[in-house]
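Novice: File upload-v5.tsv below, TSV, C-alpha atoms:
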chain	number	residue	atom	x	y	z
A	1	MET	CA	-5.51	4.84	28.99
A	2	SER	CA	-6.25	8.44	28.03
A	3	ALA	CA	-9.16	9.31	25.73
A	4	ASN	CA	-6.69	10.25	23.00
A	5	ARG	CA	-4.98	6.90	22.91
A	6	VAL	CA	-6.32	3.53	21.85
A	7	SER	CA	-4.54	0.22	21.35
A	8	TYR	CA	-5.54	-2.99	19.62
A	9	THR	CA	-3.94	-6.44	19.88
A	10	LEU	CA	-4.76	-8.38	16.75
A	11	ASP	CA	-4.20	-11.81	15.23
A	12	SER	CA	-1.78	-12.32	12.36
A	13	THR	CA	-4.47	-12.50	9.71
A	14	LEU	CA	-5.65	-10.63	6.66
A	15	ASP	CA	-8.65	-9.44	8.68
A	16	THR	CA	-6.21	-7.56	10.90
A	17	VAL	CA	-4.92	-5.64	7.89
A	18	ASN	CA	-8.44	-4.60	6.90
A	19	SER	CA	-9.40	-3.75	10.50
A	20	ALA	CA	-6.30	-1.62	11.07
A	21	GLU	CA	-7.00	0.28	7.85
A	22	GLU	CA	-10.64	0.90	8.77
A	23	VAL	CA	-9.82	2.09	12.29
A	24	ALA	CA	-7.05	4.34	10.95
A	25	SER	CA	-9.47	5.90	8.50
A	26	GLN	CA	-12.02	6.53	11.25
A	27	ILE	CA	-9.52	8.00	13.71
A	28	ALA	CA	-7.84	10.17	11.07
A	29	THR	CA	-11.23	11.54	10.07
A	30	GLU	CA	-12.09	12.31	13.69
A	31	ALA	CA	-8.69	13.97	14.10
A	32	GLY	CA	-9.64	16.49	11.41
A	33	PHE	CA	-7.57	15.35	8.44
A	34	ALA	CA	-8.85	16.12	4.96
A	35	ASP	CA	-10.21	13.22	2.89
A	36	GLU	CA	-7.06	12.80	0.80
A	37	GLU	CA	-4.87	12.78	3.91
A	38	VAL	CA	-7.20	10.25	5.55
A	39	MET	CA	-6.75	7.98	2.53
A	40	LYS	CA	-2.97	8.29	2.75
A	41	ILE	CA	-2.89	7.58	6.50
A	42	ALA	CA	-5.19	4.57	6.10
A	43	MET	CA	-3.07	3.23	3.26
A	44	ALA	CA	0.17	3.70	5.22
A	45	VAL	CA	-1.37	1.81	8.13
A	46	ARG	CA	-2.56	-0.91	5.78
A	47	GLU	CA	0.94	-1.31	4.33
A	48	ALA	CA	2.51	-1.40	7.79
A	49	ALA	CA	-0.06	-3.97	8.92
A	50	VAL	CA	0.63	-6.09	5.84
A	51	ASN	CA	4.33	-6.04	6.68
A	52	ALA	CA	3.61	-7.00	10.29
A	53	VAL	CA	1.23	-9.86	9.44
A	54	LEU	CA	2.91	-11.17	6.31
A	55	HIS	CA	6.63	-10.49	6.66
A	56	GLY	CA	6.94	-10.03	10.43
A	57	ASN	CA	4.70	-12.65	11.98
A	58	ALA	CA	4.37	-14.71	8.79
A	59	TYR	CA	0.71	-15.47	9.59
A	60	ASP	CA	1.86	-17.30	12.77
A	61	PRO	CA	-1.32	-17.77	14.87
A	62	GLY	CA	0.80	-17.63	18.03
A	63	LYS	CA	2.05	-14.13	17.26
A	64	LYS	CA	0.14	-10.88	17.63
A	65	VAL	CA	0.17	-7.47	16.00
A	66	THR	CA	-0.39	-4.42	18.17
A	67	VAL	CA	-1.68	-1.19	16.68
A	68	ASP	CA	-1.61	1.94	18.81
A	69	PHE	CA	-3.21	5.26	17.87
A	70	GLU	CA	-2.32	8.39	19.82
A	71	ARG	CA	-3.77	11.81	19.11
A	72	THR	CA	-2.06	14.91	20.42
A	73	ALA	CA	-2.71	18.51	19.44
A	74	GLY	CA	-2.47	18.53	15.67
A	75	THR	CA	-0.65	15.21	15.39
A	76	LEU	CA	-1.61	11.59	14.94
A	77	VAL	CA	0.96	8.96	15.93
A	78	ILE	CA	0.34	5.35	14.94
A	79	THR	CA	2.62	2.59	16.18
A	80	ILE	CA	2.45	-0.93	14.76
A	81	LYS	CA	4.46	-3.77	16.27
A	82	ASP	CA	4.90	-7.39	15.27
A	83	GLN	CA	6.60	-10.32	16.97
A	84	GLY	CA	8.73	-11.44	14.06
A	85	LYS	CA	12.47	-11.75	13.63
A	86	GLY	CA	12.97	-8.07	12.91
A	87	LEU	CA	12.99	-6.32	9.56
A	88	ASP	CA	16.41	-6.07	7.91
A	89	LEU	CA	16.34	-2.52	6.60
A	90	ALA	CA	19.48	-3.11	4.54
A	91	LYS	CA	17.63	-5.69	2.48
A	92	ILE	CA	14.84	-3.37	1.40
A	93	PRO	CA	15.53	-2.46	-2.24
A	94	ASP	CA	14.84	0.96	-3.74
A	95	PRO	CA	11.61	0.34	-5.67
A	96	LEU	CA	12.34	3.32	-7.91
A	97	ALA	CA	15.66	1.95	-9.15
A	98	PRO	CA	15.33	0.97	-12.83
A	99	GLU	CA	16.29	-2.64	-12.08
A	100	ASN	CA	13.50	-2.88	-9.48
A	101	LEU	CA	10.65	-1.15	-11.31
A	102	LEU	CA	9.17	-4.41	-12.57
A	103	LYS	CA	9.46	-6.27	-9.28
A	104	THR	CA	6.13	-7.42	-7.93
A	105	SER	CA	6.83	-6.52	-4.30
A	106	GLY	CA	8.95	-4.18	-2.18
A	107	ARG	CA	6.89	-0.97	-2.41
A	108	GLY	CA	5.20	-1.01	1.01
A	109	ILE	CA	7.80	0.90	3.04
A	110	PHE	CA	8.27	3.35	0.16
A	111	LEU	CA	4.55	4.13	0.09
A	112	ILE	CA	4.46	4.51	3.87
A	113	ARG	CA	7.31	7.04	3.72
A	114	SER	CA	5.58	8.84	0.84
A	115	PHE	CA	2.29	9.21	2.68
A	116	MET	CA	3.38	10.08	6.23
A	117	ASP	CA	5.26	13.12	7.55
A	118	GLU	CA	7.64	11.08	9.69
A	119	VAL	CA	8.37	7.36	9.82
A	120	GLU	CA	10.52	5.56	12.38
A	121	ILE	CA	11.33	1.89	11.91
A	122	ASN	CA	12.85	0.07	14.86
A	123	PRO	CA	13.64	-3.57	14.18
A	124	SER	CA	14.84	-5.89	16.94
A	125	THR	CA	15.21	-9.63	17.38
A	126	THR	CA	11.77	-9.73	19.04
A	127	GLY	CA	9.95	-7.89	16.28
A	128	THR	CA	9.67	-4.68	14.34
A	129	GLU	CA	8.06	-1.47	15.55
A	130	ILE	CA	7.08	1.13	13.00
A	131	LYS	CA	5.92	4.56	14.08
A	132	LEU	CA	3.90	6.65	11.63
A	133	ILE	CA	3.45	10.35	12.32
A	134	LYS	CA	1.15	12.77	10.52
A	135	HIS	CA	0.56	16.41	11.36
A	136	VAL	CA	-2.73	18.11	10.71
A	137	HIS	CA	-2.09	20.93	8.26
A	138	GLY	CA	-4.61	23.67	7.65
A	139	PRO	CA	-8.14	23.79	9.00
A	140	THR	CA	-9.45	20.86	10.99
A	141	ALA	CA	-12.80	19.23	10.38
A	142	ASP	CA	-14.54	21.70	12.69
A	143	GLY	CA	-13.07	24.65	10.84
A	144	LYS	CA	-10.36	25.56	13.37
A	145	GLU	CA	-6.69	25.82	12.52
A	146	ALA	CA	-4.75	22.94	13.96
A	147	SER	CA	-2.23	23.89	16.62
A	148	GLN	CA	1.29	22.83	15.67
B	149	MET	CA	-16.12	-3.50	-1.77
B	150	SER	CA	-14.36	-6.55	-3.12
B	151	MET	CA	-12.85	-6.79	-6.58
B	152	LYS	CA	-15.01	-7.82	-9.56
B	153	THR	CA	-14.10	-8.31	-13.19
B	154	SER	CA	-16.05	-8.88	-16.37
B	155	THR	CA	-14.62	-9.34	-19.83
B	156	ARG	CA	-15.78	-8.37	-23.29
B	157	GLN	CA	-14.27	-8.54	-26.76
B	158	VAL	CA	-13.89	-5.50	-29.00
B	159	ASP	CA	-12.10	-5.89	-32.37
B	160	GLY	CA	-9.85	-8.67	-31.13
B	161	VAL	CA	-8.99	-6.94	-27.87
B	162	THR	CA	-10.18	-8.33	-24.55
B	163	ILE	CA	-11.38	-5.54	-22.30
B	164	VAL	CA	-11.45	-6.43	-18.62
B	165	ASP	CA	-13.76	-4.12	-16.69
B	166	CYS	CA	-12.52	-4.09	-13.11
B	167	SER	CA	-14.30	-2.63	-10.11
B	168	GLY	CA	-13.66	-2.42	-6.39
B	169	ARG	CA	-10.33	-2.83	-4.62
B	170	ILE	CA	-7.19	-4.51	-5.88
B	171	THR	CA	-5.52	-5.36	-2.58
B	172	LEU	CA	-3.66	-8.17	-0.86
B	173	GLY	CA	-5.84	-11.27	-0.84
B	174	GLU	CA	-8.99	-11.66	-2.88
B	175	GLY	CA	-8.61	-8.61	-5.13
B	176	SER	CA	-5.11	-9.52	-6.27
B	177	VAL	CA	-6.05	-13.18	-6.73
B	178	ILE	CA	-9.06	-12.34	-8.90
B	179	LEU	CA	-6.94	-10.15	-11.17
B	180	ARG	CA	-4.23	-12.81	-11.41
B	181	ASP	CA	-6.74	-15.57	-12.23
B	182	THR	CA	-8.54	-13.43	-14.78
B	183	VAL	CA	-5.35	-12.62	-16.71
B	184	ARG	CA	-4.15	-16.21	-16.44
B	185	ASP	CA	-7.45	-17.53	-17.85
B	186	LEU	CA	-7.37	-15.07	-20.73
B	187	LEU	CA	-3.83	-16.08	-21.69
B	188	ALA	CA	-4.75	-19.76	-21.45
B	189	LYS	CA	-7.53	-19.14	-23.96
B	190	GLY	CA	-5.15	-17.36	-26.31
B	191	ASN	CA	-6.32	-13.82	-25.58
B	192	LYS	CA	-3.11	-11.83	-25.60
B	193	LYS	CA	-4.38	-8.32	-26.26
B	194	ILE	CA	-5.68	-7.22	-22.89
B	195	LEU	CA	-7.01	-3.83	-21.88
B	196	LEU	CA	-7.60	-3.45	-18.15
B	197	ASN	CA	-10.34	-0.90	-17.55
B	198	LEU	CA	-9.65	0.43	-14.05
B	199	GLY	CA	-12.27	3.17	-14.17
B	200	ASP	CA	-14.19	1.69	-11.25
B	201	VAL	CA	-11.17	0.66	-9.20
B	202	ASN	CA	-11.29	3.00	-6.24
B	203	TYR	CA	-8.39	1.58	-4.27
B	204	ILE	CA	-5.19	-0.30	-4.85
B	205	ASP	CA	-2.42	-1.17	-2.38
B	206	SER	CA	1.20	-2.22	-2.90
B	207	SER	CA	0.12	-5.83	-3.43
B	208	GLY	CA	-2.32	-4.67	-6.10
B	209	ILE	CA	0.40	-2.63	-7.77
B	210	GLY	CA	2.58	-5.74	-7.71
B	211	GLU	CA	-0.23	-7.73	-9.30
B	212	LEU	CA	-0.57	-5.18	-12.11
B	213	VAL	CA	3.19	-5.42	-12.73
B	214	SER	CA	2.97	-9.20	-12.68
B	215	ALA	CA	0.08	-9.17	-15.16
B	216	TYR	CA	2.00	-6.78	-17.43
B	217	THR	CA	5.18	-8.88	-17.48
B	218	THR	CA	3.32	-12.20	-17.78
B	219	VAL	CA	1.38	-11.03	-20.82
B	220	LYS	CA	4.47	-9.45	-22.37
B	221	ASN	CA	6.53	-12.60	-21.83
B	222	GLN	CA	3.90	-14.55	-23.76
B	223	GLY	CA	4.12	-12.20	-26.70
B	224	GLY	CA	1.04	-10.21	-25.81
B	225	GLU	CA	0.21	-6.67	-24.79
B	226	LEU	CA	-1.49	-5.40	-21.63
B	227	LYS	CA	-2.59	-1.79	-21.36
B	228	LEU	CA	-4.44	0.22	-18.74
B	229	LEU	CA	-7.57	2.28	-19.34
B	230	ASN	CA	-9.39	5.00	-17.35
B	231	LEU	CA	-7.23	5.35	-14.25
B	232	THR	CA	-8.87	7.01	-11.27
B	233	LYS	CA	-6.91	9.85	-9.69
B	234	LYS	CA	-5.84	7.63	-6.79
B	235	VAL	CA	-4.48	4.91	-9.05
B	236	HIS	CA	-2.92	7.47	-11.39
B	237	ASP	CA	-1.12	9.13	-8.46
B	238	LEU	CA	0.11	5.78	-7.14
B	239	LEU	CA	1.56	4.83	-10.51
B	240	GLN	CA	3.20	8.26	-10.72
B	241	ILE	CA	4.97	8.07	-7.36
B	242	THR	CA	6.10	4.49	-7.97
B	243	LYS	CA	7.41	5.53	-11.43
B	244	LEU	CA	5.23	2.89	-13.07
B	245	TYR	CA	3.17	5.37	-15.06
B	246	THR	CA	5.81	5.37	-17.77
B	247	VAL	CA	6.15	1.58	-17.70
B	248	PHE	CA	2.49	0.90	-18.41
B	249	ASP	CA	0.79	2.03	-21.59
B	250	VAL	CA	-2.02	4.10	-20.09
B	251	LYS	CA	-5.05	5.16	-22.14
B	252	ASP	CA	-8.10	7.27	-21.40
B	253	ASP	CA	-10.20	6.60	-24.48
B	254	GLU	CA	-11.48	3.08	-25.06
B	255	ALA	CA	-11.84	3.23	-28.84
B	256	ALA	CA	-8.37	4.71	-29.28
B	257	ALA	CA	-6.96	2.19	-26.84
B	258	VAL	CA	-8.43	-0.72	-28.81
B	259	LYS	CA	-7.00	0.66	-32.04
B	260	SER	CA	-3.55	1.06	-30.47
B	261	PHE	CA	-3.03	-2.70	-30.14
B	262	GLY	CA	-0.83	-4.28	-32.79
B	263	GLN	CA	-2.40	-6.40	-35.50
Would you give me this structure, written as structure tokens?

Specialist:
Amino acid sequence: MSANRVSYTLDSTLDTVNSAEEVASQIATEAGFADEEVMKIAMAVREAAVNAVLHGNAYDPGKKVTVDFERTAGTLVITIKDQGKGLDLAKIPDPLAPENLLKTSGRGIFLIRSFMDEVEINPSTTGTEIKLIKHVHGPTADGKEASQ
Amino acid sequence: MSMKTSTRQVDGVTIVDCSGRITLGEGSVILRDTVRDLLAKGNKKILLNLGDVNYIDSSGIGELVSAYTTVKNQGGELKLLNLTKKVHDLLQITKLYTVFDVKDDEAAAVKSFGQ
């Protein structure tokens, strides 16, 4: 494993959600993202981890969640996989539609898309993989412009 | 930091001072139980002070919506007070800012509840 890539295999628990969020925050900070961007990345990871634990693996102790962080020049790529039945993208309602505004769930994917630059969702019968991509814009933490 | 709530009464309005994180799990449950207890005791004018809520996730947003509709369905009113920038921005992008009655002055908020 290269120094710019780290992977975690985690249980299908609420602790996993909190851990993934904390690690995302730490890695995003180290990658040079501004505080507000760090918050958005960490929240997107949290929402993706919630989906994996809750909707994907359904808290099944026999199923794992893998979280992979990869840093390249100016970009952070986070991949989260579960071992569930596969997300049915067609069944995700638009949370901004007037008839859905007062629903108590269904905003996770929307928030992820709002906070990340690119989002790829790849469901299969053996689980769902979601790839979150964020580019460093502007100066990095050490004052240098990020290469794009 | 986990979620904490404390309640106080001002001119017939129950103000719930919330602090910490409203997220999946404990934070959402505490908010749900707090609102449920208030309704059970007949307190139907509820002002949620979110001034010290520094984080909220989609589950927390869902819990706020649930609290709002539950109180409304029982003939009451639930309003939000002192949103932090993070919570304000989240309610904006989810188009919920116009659904909730959001206040930034406690005295004016208390007066805004119906008699």

Novice: Return the neighbours of chain A among the residues of chain B, cut-off 6 Å, counting all atoms listed in the file, as a PyMOL selection string.

Specialist: chain B and resi 206+210+213-214

Novice: Using only C-alpha atoms, which of A:Glu37, A:Asp60, A:Glu70, A:Glu21 sits nearest A:Arg5?

Specialist: A:Glu70

Novice: Which of these, B:Leu195, B:Met151, B:Ala188, B:Leu212, has the shortest distance to B:Arg169 once you count only C-alpha atoms?

Specialist: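 Under the stated criterion, the closest residue is B:Met151.
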
Novice: Take the point (6.7, 11.1, 10.5) in the file's coordinates, draw a sphere of radius 12 Å around it, and report as a ChimeraX atom specification every protein, DNA or RNA residue with an atom inside or on it, counting only C-alpha atoms.

Specialist: /A:41,44,75-79,112-121,130-136

Novice: One decimal, Å: what's the distance from atom CA of B:Ile170 over to atom CA of B:Gly208, could you say?

Specialist: 4.9 Å

Novice: At what distance in Å, to one decimal, does atom CA of A:Ser12 lie from atom CA of A:Val65?

Specialist: 6.4 Å

Novice: Near stretch 53-55 of chain A, within 10 Å and counting all atoms listed in the file, which residues show up once chain neighbours fewer than 3 positions away are dropped, as a list in words?

Specialist: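 Once the adjacent positions are removed, what remains is Leu10, Asp11, Ser12, Thr13, Leu14, Asp15, Thr16, Val17, Glu47, Ala48, Ala49, Val50, Ala58, Tyr59, Asp60, Pro61, Lys63, Lys64, Val65, Lys81, Asp82, Gln83, Gly84, Lys85, Gly86 and Leu87 of chain A.
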
Novice: What is the distance between atom CA of B:Thr153 and atom CA of B:Gln222, in Å to one decimal?

Specialist: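 Computing it gives 21.8 Å between the two atoms.
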
Novice: List the spatial neighbours of stretch 22-28 of chain A as a list in words - criterion: any atom at most 6 Å away, all atoms listed in the file, same-chain residues fewer than 5 positions off excluded.

Specialist: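 That gives Phe33, Val38 and Ala42 of chain A.
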
Novice: Counting all atoms listed in the file, which of A:Asp94, A:Thr128, A:Ala34, A:Val45 gets nearest to A:Asp68?

Specialist: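 That would be A:Val45, the residue with the smallest distance to A:Asp68.
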
Novice: Of the candidates A:Asn4, A:Ser19, A:Thr29, A:Thr66, which shows the shortest atom-to-atom distance to A:Ala52, using all atoms listed in the file?

Specialist: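 Of A:Asn4, A:Ser19, A:Thr29, A:Thr66, the one nearest A:Ala52, counting all atoms listed in the file, is A:Thr66.
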
Novice: Please work out which residues fall within 10 Å of (-6.4, -7.7, -23.3), coordinates as given in the file, with all atoms listed in the file counting, and return them as a compact mmCIF listing (two decimals) with C-alpha atoms, keeping the file's coordinate frame.

Specialist:
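As a result, selection26.txt now contains:
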# COMPACT_ATOMS: atom_id res chain seq x y z
CA THR B 155 -14.62 -9.34 -19.83
CA ARG B 156 -15.78 -8.37 -23.29
CA GLN B 157 -14.27 -8.54 -26.76
CA VAL B 158 -13.89 -5.50 -29.00
CA GLY B 160 -9.85 -8.67 -31.13
CA VAL B 161 -8.99 -6.94 -27.87
CA THR B 162 -10.18 -8.33 -24.55
CA ILE B 163 -11.38 -5.54 -22.30
CA VAL B 164 -11.45 -6.43 -18.62
CA VAL B 183 -5.35 -12.62 -16.71
CA LEU B 186 -7.37 -15.07 -20.73
CA LEU B 187 -3.83 -16.08 -21.69
CA ASN B 191 -6.32 -13.82 -25.58
CA LYS B 192 -3.11 -11.83 -25.60
CA LYS B 193 -4.38 -8.32 -26.26
CA ILE B 194 -5.68 -7.22 -22.89
CA LEU B 195 -7.01 -3.83 -21.88
CA LEU B 196 -7.60 -3.45 -18.15
CA ASN B 197 -10.34 -0.90 -17.55
CA VAL B 219 1.38 -11.03 -20.82
CA GLY B 224 1.04 -10.21 -25.81
CA GLU B 225 0.21 -6.67 -24.79
CA LEU B 226 -1.49 -5.40 -21.63
CA LYS B 227 -2.59 -1.79 -21.36
CA LEU B 228 -4.44 0.22 -18.74
CA VAL B 258 -8.43 -0.72 -28.81
CA PHE B 261 -3.03 -2.70 -30.14

Novice: Could you put an axis-aligned box around every listed atom of stretch 113-116 of chain A, padded by 5 Å on each side, and send me its centre and edge lengths in Å to one decimal, as AutoDock Vina command-line options?

Specialist:
--center_x 4.8 --center_y 8.6 --center_z 3.5 --size_x 15.0 --size_y 13.0 --size_z 15.4
